[in-house]
$ cat my_file04.txt   # compact mmCIF, C-alpha atoms and all ligand atoms
# COMPACT_ATOMS: atom_id res chain seq x y z
CA MET A 110 119.01 106.40 94.43
CA ARG A 111 115.94 107.63 96.26
CA ILE A 112 113.08 105.43 97.41
CA ALA A 113 110.07 106.42 99.48
CA MET A 114 107.74 104.15 101.39
CA THR A 115 104.18 105.38 101.72
CA TYR A 116 102.09 104.02 104.58
CA THR A 117 99.10 104.74 106.76
CA ARG A 118 100.10 102.67 109.78
CA LEU A 119 103.63 101.58 110.46
CA ARG A 120 103.14 97.93 111.35
CA ALA A 121 105.72 95.21 111.89
CA GLU A 122 105.92 94.68 108.11
CA GLU A 123 106.83 98.29 107.39
CA ARG A 124 109.43 98.35 110.16
CA LEU A 125 110.96 95.10 108.85
CA LEU A 126 111.10 96.57 105.34
CA LEU A 127 112.78 99.76 106.55
CA ASP A 128 115.35 97.60 108.37
CA ALA A 129 115.89 95.52 105.24
CA PHE A 130 116.53 98.64 103.14
CA GLU A 131 118.89 99.93 105.78
CA ALA A 132 120.80 96.63 105.72
CA LEU A 133 121.27 97.16 101.96
CA GLY A 134 122.62 100.63 102.63
CA VAL A 135 119.62 102.21 100.89
CA GLU A 136 117.97 105.13 102.58
CA VAL A 137 114.21 105.00 102.33
CA ASN A 138 112.02 107.92 103.25
CA PRO A 139 108.92 106.76 105.14
CA ILE A 140 105.93 108.97 104.32
CA ASP A 141 102.72 108.90 106.35
CA LEU A 142 100.03 109.37 103.69
CA ARG A 143 97.58 110.82 106.19
CA GLU A 144 99.74 113.93 106.35
CA VAL A 145 100.19 114.41 102.62
CA VAL A 146 98.44 116.93 100.39
CA PHE A 147 99.02 116.03 96.75
CA ASP A 148 99.10 118.57 93.95
CA PRO A 149 98.67 116.32 90.91
CA ALA A 150 99.94 119.08 88.61
CA GLU A 151 103.07 119.72 90.65
CA PRO A 152 105.23 116.65 91.37
CA GLY A 153 107.70 118.66 93.46
CA GLU A 154 109.71 116.41 95.73
CA TRP A 155 107.91 113.28 94.51
CA ALA A 156 109.78 113.62 91.20
CA THR A 157 113.05 113.05 93.03
CA TYR A 158 112.12 109.47 93.90
CA ASP A 159 113.20 106.67 91.61
CA ALA A 160 110.48 104.47 93.08
CA VAL A 161 107.82 104.58 95.76
CA ILE A 162 106.90 101.40 97.58
CA ASP A 163 103.36 101.64 98.89
CA ARG A 164 102.52 99.85 102.11
CA SER A 165 99.17 101.46 102.95
CA VAL A 166 96.86 99.32 105.04
CA SER A 167 94.03 101.39 103.57
CA LEU A 168 93.08 100.55 100.01
CA THR A 169 91.74 104.07 99.46
CA ASN A 170 95.10 105.54 100.43
CA ALA A 171 97.02 103.05 98.32
CA LEU A 172 95.01 103.76 95.19
CA THR A 173 94.92 107.51 95.68
CA ALA A 174 98.67 107.77 96.16
CA THR A 175 99.76 105.39 93.42
CA ARG A 176 97.37 106.83 90.83
CA ILE A 177 98.63 110.35 91.43
CA LEU A 178 102.29 109.34 91.65
CA GLU A 179 102.19 107.31 88.46
CA SER A 180 100.55 110.21 86.70
CA MET A 181 103.58 112.25 87.79
CA GLY A 182 105.85 109.61 86.28
CA VAL A 183 106.91 107.99 89.54
CA ARG A 184 107.36 104.21 89.46
CA CYS A 185 105.11 102.68 92.10
CA ILE A 186 105.51 99.29 93.76
CA ASN A 187 102.92 97.93 93.27
CA PRO A 188 101.55 99.77 90.23
CA ALA A 189 98.08 101.27 90.68
CA ALA A 190 96.62 98.95 88.04
CA ALA A 191 97.90 95.91 89.93
CA ILE A 192 96.43 97.21 93.19
CA GLU A 193 93.10 97.70 91.44
CA LEU A 194 93.14 94.19 89.99
CA CYS A 195 94.13 92.56 93.28
CA SER A 196 91.80 94.47 95.54
CA ASP A 197 88.59 93.85 93.64
CA LYS A 198 87.71 90.16 93.57
CA LEU A 199 85.73 90.47 90.36
CA SER A 200 88.66 92.21 88.64
CA THR A 201 91.01 89.51 89.93
CA THR A 202 88.74 86.78 88.60
CA LEU A 203 88.50 88.46 85.19
CA ALA A 204 92.28 88.87 84.96
CA LEU A 205 92.84 85.23 85.92
CA ILE A 206 90.29 83.97 83.40
CA ARG A 207 91.85 86.11 80.63
CA ALA A 208 95.27 84.67 81.49
CA GLY A 209 93.95 81.11 81.63
CA VAL A 210 94.90 80.68 85.30
CA PRO A 211 92.71 78.14 87.14
CA THR A 212 90.47 79.81 89.73
CA PRO A 213 87.31 78.73 91.56
CA GLY A 214 84.14 79.02 89.48
CA VAL A 215 82.03 82.10 90.18
CA ARG A 216 78.70 83.54 89.18
CA VAL A 217 78.11 87.26 89.32
CA ALA A 218 74.74 88.99 89.58
CA THR A 219 73.61 92.51 90.31
CA GLY A 220 70.01 91.90 91.33
CA GLY A 221 68.58 89.95 94.24
CA GLU A 222 66.57 87.46 92.19
CA ALA A 223 69.47 86.84 89.85
CA ALA A 224 71.74 86.47 92.88
CA LEU A 225 69.58 83.66 94.18
CA ARG A 226 69.80 81.96 90.79
CA ALA A 227 73.56 82.45 90.88
CA VAL A 228 73.74 80.68 94.25
CA GLU A 229 71.53 77.84 93.03
CA THR A 230 73.69 77.45 89.92
CA VAL A 231 76.87 77.25 91.98
CA GLY A 232 75.15 74.82 94.37
CA TYR A 233 75.34 74.46 98.13
CA PRO A 234 77.44 75.31 99.97
CA ALA A 235 78.22 78.50 98.03
CA VAL A 236 80.48 81.31 99.15
CA LEU A 237 79.21 84.87 98.93
CA LYS A 238 81.95 87.47 98.99
CA PRO A 239 82.00 91.24 98.89
CA THR A 240 84.06 92.19 95.84
CA ILE A 241 86.25 94.46 97.97
CA GLY A 242 87.44 93.43 101.38
CA SER A 243 90.24 91.66 103.18
CA TRP A 244 90.95 89.33 106.05
CA GLY A 245 87.85 87.27 105.28
CA ARG A 246 85.46 90.03 106.35
CA LEU A 247 81.81 89.60 105.37
CA VAL A 248 82.51 86.37 103.54
CA ALA A 249 79.50 84.13 104.00
CA ARG A 250 79.09 80.44 103.42
CA VAL A 251 75.58 79.73 102.26
CA ASN A 252 74.42 76.23 103.11
CA ASP A 253 70.86 76.23 101.85
CA ARG A 254 68.20 78.24 100.06
CA ASP A 255 66.84 79.81 103.25
CA ALA A 256 70.27 81.14 104.16
CA ALA A 257 70.80 82.38 100.59
CA GLU A 258 67.53 84.31 100.61
CA ALA A 259 68.28 85.83 104.03
CA ILE A 260 71.81 86.95 103.12
CA ILE A 261 70.81 88.34 99.73
CA GLU A 262 67.94 90.29 101.22
CA HIS A 263 70.18 91.60 103.97
CA ARG A 264 72.86 92.73 101.51
CA GLU A 265 70.27 94.33 99.24
CA THR A 266 68.65 96.38 101.97
CA LEU A 267 71.60 97.22 104.22
CA GLY A 268 74.65 96.85 102.02
CA SER A 269 76.66 99.53 100.29
CA ILE A 270 76.48 99.93 96.52
CA GLN A 271 79.55 97.75 96.20
CA GLN A 272 77.75 95.02 98.11
CA GLY A 273 75.01 95.18 95.48
CA VAL A 274 77.34 93.11 93.32
CA PHE A 275 76.78 89.50 94.23
CA TYR A 276 79.97 87.55 93.75
CA VAL A 277 79.16 83.92 94.33
CA GLN A 278 82.02 81.47 94.41
CA GLU A 279 81.84 77.69 94.38
CA HIS A 280 82.87 76.22 97.71
CA ILE A 281 86.12 74.29 97.35
CA ASP A 282 86.14 71.22 99.52
CA LYS A 283 89.77 71.74 100.40
CA PRO A 284 91.60 69.38 102.74
CA GLY A 285 91.27 71.70 105.76
CA ARG A 286 94.15 73.88 104.69
CA ASP A 287 95.14 76.48 102.19
CA ILE A 288 98.36 77.70 100.73
CA ARG A 289 99.89 81.13 100.52
CA VAL A 290 102.79 81.81 98.19
CA PHE A 291 104.84 84.99 98.20
CA VAL A 292 105.86 86.12 94.73
CA VAL A 293 108.47 88.81 94.28
CA GLY A 294 109.83 89.92 90.92
CA GLY A 295 108.27 87.01 89.07
CA GLU A 296 109.68 84.40 91.45
CA ALA A 297 107.89 82.34 94.07
CA ILE A 298 110.16 82.97 97.06
CA ALA A 299 108.30 81.40 99.97
CA ALA A 300 105.20 79.38 100.75
CA ILE A 301 103.26 78.59 103.87
CA VAL A 302 100.32 76.30 104.45
CA ARG A 303 97.59 77.31 106.86
CA THR A 304 95.48 74.72 108.60
CA SER A 305 92.20 75.53 110.25
CA ALA A 306 89.09 73.82 111.43
CA HIS A 307 87.15 76.93 110.40
CA TRP A 308 86.26 77.07 106.72
CA VAL A 309 87.73 80.56 106.31
CA THR A 310 91.42 79.76 106.66
CA ASN A 311 93.06 83.02 107.60
CA THR A 312 95.88 83.58 110.08
CA ALA A 313 94.06 86.75 111.15
CA ARG A 314 91.30 84.39 112.28
CA GLY A 315 93.39 81.95 114.25
CA ALA A 316 94.65 79.37 111.76
CA THR A 317 98.04 77.73 112.30
CA ALA A 318 100.78 77.91 109.68
CA ALA A 319 103.79 75.87 108.55
CA GLY A 320 106.37 76.18 105.77
CA LEU A 321 105.75 74.40 102.47
CA PRO A 322 108.20 73.38 99.74
CA ILE A 323 107.24 75.00 96.42
CA SER A 324 106.48 72.36 93.79
CA PRO A 325 107.01 73.28 90.10
CA GLU A 326 103.23 73.16 89.61
CA LEU A 327 102.62 75.54 92.53
CA ARG A 328 105.37 77.88 91.32
CA GLU A 329 103.91 78.02 87.83
CA ILE A 330 100.33 78.87 88.80
CA CYS A 331 101.47 81.50 91.30
CA VAL A 332 103.92 83.24 89.00
CA ARG A 333 101.34 83.25 86.19
CA SER A 334 98.64 84.70 88.42
CA VAL A 335 100.85 87.54 89.64
CA ALA A 336 101.88 88.28 86.06
CA ALA A 337 98.19 88.36 85.13
CA VAL A 338 97.59 91.31 87.47
CA GLY A 339 100.96 92.97 86.79
CA ALA A 340 102.12 93.06 90.40
CA ASP A 341 105.78 93.36 91.40
CA ILE A 342 105.09 91.84 94.78
CA ALA A 343 102.06 89.81 95.82
CA ALA A 344 100.87 86.99 98.00
CA VAL A 345 98.82 84.35 96.24
CA ASP A 346 96.17 82.37 98.10
CA ILE A 347 95.78 78.90 96.66
CA LEU A 348 93.05 76.35 97.26
CA GLU A 349 93.52 72.67 96.55
CA CYS A 350 90.48 71.36 94.74
CA PRO A 351 90.05 67.58 94.80
CA ARG A 352 88.73 67.72 91.22
CA ARG A 353 90.62 70.55 89.51
CA GLY A 354 93.88 70.69 91.46
CA LEU A 355 95.46 74.01 92.42
CA LEU A 356 93.23 77.07 92.09
CA VAL A 357 94.11 80.73 92.67
CA ASN A 358 91.62 82.09 95.18
CA GLU A 359 92.91 85.60 95.85
CA LEU A 360 95.86 87.89 95.27
CA ASN A 361 97.07 90.32 97.93
CA HIS A 362 98.90 93.42 96.76
CA SER A 363 100.11 94.66 100.15
CA MET A 364 101.00 91.39 101.73
CA GLU A 365 101.40 90.76 105.41
CA PHE A 366 104.41 88.62 106.17
CA ARG A 367 105.58 89.18 109.75
CA ASN A 368 104.51 85.69 110.83
CA SER A 369 105.64 84.00 107.62
CA ILE A 370 109.36 84.78 107.90
CA THR A 371 110.01 82.24 110.65
CA THR A 372 107.39 79.83 109.29
CA SER A 373 108.87 79.74 105.80
CA ALA A 374 112.49 80.32 106.92
CA VAL A 375 112.77 82.91 104.15
CA ASP A 376 113.83 86.50 104.75
CA ILE A 377 110.85 87.93 102.87
CA PRO A 378 111.53 91.63 103.66
CA ALA A 379 115.15 91.33 102.46
CA ILE A 380 114.00 89.91 99.12
CA VAL A 381 111.27 92.56 98.76
CA ALA A 382 113.79 95.32 99.51
CA ARG A 383 116.32 93.96 97.00
CA HIS A 384 113.64 93.78 94.32
CA ALA A 385 112.44 97.33 95.06
CA VAL A 386 116.02 98.56 94.71
CA ARG A 387 116.33 96.78 91.35
CA ILE A 388 113.11 98.46 90.17
CA ALA A 389 114.29 101.86 91.39
CA GLU A 390 117.63 101.40 89.62
CA SER A 391 116.01 100.55 86.30
CA ALA A 392 113.45 103.38 86.69
CA ARG A 393 116.34 105.74 87.26
CA VAL A 394 118.15 104.55 84.13
CA SER A 395 115.03 104.92 82.00
CA GLN A 396 114.38 108.40 83.39
CA ALA A 397 117.96 109.42 82.58
CA VAL A 398 117.41 108.72 78.87
CA PRO A 399 116.38 111.97 77.16
CA ALA A 400 112.96 111.81 75.56
CA MET B 243 122.57 108.34 114.40
CA SER B 244 120.28 107.08 117.13
CA ILE B 245 121.44 107.01 120.71
CA ALA B 246 121.40 103.58 122.33
CA SER B 247 118.89 104.41 125.02
CA THR B 248 115.34 103.20 125.30
CA ILE B 249 112.58 105.65 124.47
CA THR B 250 109.39 105.27 126.46
CA ALA B 251 105.94 106.81 126.35
CA ALA B 252 102.95 106.33 128.63
CA CYS B 253 100.11 104.04 127.62
CA PRO B 254 96.95 106.16 127.35
CA GLU B 255 94.89 103.24 128.68
CA CYS B 256 96.81 102.22 131.83
CA ASP B 257 99.72 104.67 132.05
CA ALA B 258 102.32 101.88 131.92
CA PRO B 259 105.55 102.77 130.11
CA VAL B 260 105.72 101.48 126.52
CA ALA B 261 109.33 101.10 125.39
CA PHE B 262 110.82 101.54 121.91
CA ASP B 263 114.32 100.25 121.20
CA ARG B 264 114.83 103.20 118.86
CA ALA B 265 113.05 106.33 117.77
CA PRO B 266 109.55 105.37 116.60
CA LEU B 267 107.98 106.85 113.48
CA ASN B 268 104.63 108.54 113.18
CA GLY B 269 101.89 105.99 112.66
CA GLN B 270 103.92 103.20 114.20
CA ILE B 271 101.88 100.54 115.94
CA ALA B 272 102.82 99.27 119.39
CA ARG B 273 101.21 97.07 122.01
CA CYS B 274 101.15 97.98 125.68
CA PRO B 275 103.04 95.27 127.63
CA ASP B 276 100.73 95.74 130.62
CA CYS B 277 97.18 96.07 129.28
CA SER B 278 97.76 94.78 125.70
CA ALA B 279 96.04 97.82 124.19
CA GLU B 280 96.93 98.39 120.56
CA LEU B 281 98.52 101.82 120.36
CA GLU B 282 99.62 104.16 117.64
CA VAL B 283 102.40 106.74 117.75
CA THR B 284 100.70 110.05 116.98
CA SER B 285 103.68 112.33 117.52
CA THR B 286 107.39 111.63 117.77
CA ASN B 287 108.75 114.60 119.68
CA PRO B 288 107.85 113.92 122.41
CA VAL B 289 106.58 110.42 121.67
CA THR B 290 102.83 110.37 122.20
CA LEU B 291 100.62 107.32 122.09
CA GLU B 292 96.92 107.05 121.40
CA LEU B 293 94.64 104.06 121.13
CA ALA B 294 95.00 102.67 117.61
CA PRO B 295 91.90 103.27 115.48
CA GLU B 296 89.47 100.47 114.83
CA VAL B 297 89.92 98.57 111.60
CA GLU B 298 88.28 100.42 108.75
CA GLU B 299 86.29 98.90 105.96
CA ASP B 300 88.92 99.33 103.26
CA TRP B 301 91.82 98.02 105.30
CA GLY B 302 93.59 94.83 104.45
CA GLU B 303 96.20 93.27 102.28
ZN ZN A 501 98.42 99.90 128.84
$ encode --input "my_file04.txt" --output "structure tokens"
Amino acid sequence: MRIAMTYTRLRAEERLLLDAFEALGVEVNPIDLREVVFDPAEPGEWATYDAVIDRSVSLTNALTATRILESMGVRCINPAAAIELCSDKLSTTLALIRAGVPTPGVRVATGGEAALRAVETVGYPAVLKPTIGSWGRLVARVNDRDAAEAIIEHRETLGSIQQGVFYVQEHIDKPGRDIRVFVVGGEAIAAIVRTSAHWVTNTARGATAAGLPISPELREICVRSVAAVGADIAAVDILECPRRGLLVNELNHSMEFRNSITTSAVDIPAIVARHAVRIAESARVSQAVPA
Amino acid sequence: MSIASTITAACPECDAPVAFDRAPLNGQIARCPDCSAELEVTSTNPVTLELAPEVEEDWGE
């Protein structure tokens, strides 16, 4: 069996995954995508891989590689379509709504005046998010009409085209914490709860984390949300709404987990590696069947 | 297989030795124990370190 791991920076997560594959006795070829020139018409060595696990920190790299590789018939973990659905907040919202998975209410507008109406409809405070972006970057809480007008004008004049989409989410008055659940192969394998005084709860922004037992209700919403985007492996960010209960806020296709292994007491990289091997094995079997 | 000796490279910021317990891979991220600079392995033979690039707009999970 041959597995490759594509990456753009080899962080602690990638090193832990390589170690986990090694512990299984599976050799994984780490490939730095910045050095690769793809010929989409000529799979070459790529065709020899039963699966490629993508761990790019750059979304552009992740999508470029997985789209080309899948077109060559290589099984990618995660699939390009799942990466697309997870990485664009509007796409995530649409997939969750189609699947009937509870998610915070949003309004979407493409013009400044409509954006202001969207914010007023959602009510204050509202949360304005760029549709693409991670780690809580450029997420703004809008507390009143003055702030809404200022932010919308700023985004209209200085923002990129992508920022011209106004994605306005209702603010969930969560109990000062949010939940992250790691889902691998359709199973919720670990959960942590992050507590923060700051309204953007994000360990990259200094929140503290603890392990959390996975209730049947939490398991169900997380597994359904990951199925809705078709991801093999994903981290689900959950908000606890006092009115509506558990809501799926975001899905992360290239999850960070270095700090969650000790916190959750679950060997996340080992489980990810085992699942990747299972996928590679079944991809190999299906490739072996003559067309 | 890898030899059980520590591989070191100089920090480009402060020149302190940065140690790897085994051969690092291209693109690997390390932190200087002396000046805490975030570093990236830009070549493996010999091991060369450069300051890790700033976070780019499309980076994340
Ligand atoms: Zn240094």
$ closest_residue --input "my_file04.txt" --among "B:Gln270, B:Glu280, B:Pro288, B:Pro295" --to "chain A" --atoms "all atoms listed in the file"
B:Gln270
$ closest_residue --input "my_file04.txt" --among "B:Glu282, B:Glu292, B:Asp263, B:Asp276" --to "ligand ZN 501 (chain A)" --atoms "all atoms listed in the file"
B:Asp276
$ residues_around --input "my_file04.txt" --residues "B:Ser278" --least-positions-apart "6" --cutoff "10 Å" --atoms "only C-alpha atoms" --output "VMD selection string"
chain B and resid 253 255 to 256 272
$ residues_around --input "my_file04.txt" --residues "A:Ala189" --least-positions-apart "4" --cutoff "8 Å" --atoms "all atoms listed in the file" --output "list in words"
Ala171, Leu172, Thr175, Arg176, Glu179, Cys185 and Glu193 of chain A
$ atom_distance --input "my_file04.txt" --atom1 "atom CA of A:Ala121" --atom2 "atom CA of A:Asn368"
9.7 Å
$ residues_near_point --input "my_file04.txt" --point "(97.6, 86.0, 85.8)" --cutoff "12 Å" --atoms "only C-alpha atoms" --output "CSV table (one decimal) with C-alpha atoms, keeping the file's coordinate frame"
chain,number,residue,atom,x,y,z
A,191,ALA,CA,97.9,95.9,89.9
A,194,LEU,CA,93.1,94.2,90.0
A,195,CYS,CA,94.1,92.6,93.3
A,200,SER,CA,88.7,92.2,88.6
A,201,THR,CA,91.0,89.5,89.9
A,202,THR,CA,88.7,86.8,88.6
A,203,LEU,CA,88.5,88.5,85.2
A,204,ALA,CA,92.3,88.9,85.0
A,205,LEU,CA,92.8,85.2,85.9
A,206,ILE,CA,90.3,84.0,83.4
A,207,ARG,CA,91.8,86.1,80.6
A,208,ALA,CA,95.3,84.7,81.5
A,209,GLY,CA,94.0,81.1,81.6
A,210,VAL,CA,94.9,80.7,85.3
A,211,PRO,CA,92.7,78.1,87.1
A,212,THR,CA,90.5,79.8,89.7
A,295,GLY,CA,108.3,87.0,89.1
A,329,GLU,CA,103.9,78.0,87.8
A,330,ILE,CA,100.3,78.9,88.8
A,331,CYS,CA,101.5,81.5,91.3
A,332,VAL,CA,103.9,83.2,89.0
A,333,ARG,CA,101.3,83.2,86.2
A,334,SER,CA,98.6,84.7,88.4
A,335,VAL,CA,100.8,87.5,89.6
A,336,ALA,CA,101.9,88.3,86.1
A,337,ALA,CA,98.2,88.4,85.1
A,338,VAL,CA,97.6,91.3,87.5
A,339,GLY,CA,101.0,93.0,86.8
A,340,ALA,CA,102.1,93.1,90.4
A,343,ALA,CA,102.1,89.8,95.8
A,345,VAL,CA,98.8,84.4,96.2
A,356,LEU,CA,93.2,77.1,92.1
A,357,VAL,CA,94.1,80.7,92.7
A,358,ASN,CA,91.6,82.1,95.2
A,359,GLU,CA,92.9,85.6,95.8
A,360,LEU,CA,95.9,87.9,95.3
$ interface_residues --input "my_file04.txt" --of "chain A" --to "chain B" --cutoff "8 Å" --atoms "all atoms listed in the file" --output "PyMOL selection string"
chain A and resi 117-121+141+166-169+241-244+361-365
$ residues_around --input "my_file04.txt" --residues "A:Ala249" --least-positions-apart "6" --cutoff "8 Å" --atoms "all atoms listed in the file" --output "list in words"
Val236, Leu237 and Lys238 of chain A
$ closest_residue --input "my_file04.txt" --among "A:Leu321, A:Leu133, A:Val215, A:Met181" --to "A:Asp148" --atoms "all atoms listed in the file"
A:Met181
$ atom_distance --input "my_file04.txt" --atom1 "atom CA of A:Phe147" --atom2 "atom CA of A:Ile388"
23.5 Å
$ residues_around --input "my_file04.txt" --residues "A:Pro351" --least-positions-apart "5" --cutoff "10 Å" --atoms "only C-alpha atoms" --output "ChimeraX atom specification"
/A:281-284
$ atom_distance --input "my_file04.txt" --atom1 "atom CA of A:Ser373" --atom2 "atom CA of A:Arg164"
21.4 Å
$ residues_around --input "my_file04.txt" --residues "A:Val137" --least-positions-apart "5" --cutoff "9 Å" --atoms "all atoms listed in the file" --output "list of chain:residue names"
A:Arg111, A:Ile112, A:Ala113, A:Met114, A:Leu127, A:Phe130, A:Glu131
$ axis_aligned_box --input "my_file04.txt" --around "stretch 319-332 of chain A" --padding-each-side "4 Å" --output "lines of an AutoDock Vina configuration file"
center_x = 104.3
center_y = 77.8
center_z = 98.2
size_x = 15.9
size_y = 18.9
size_z = 28.7
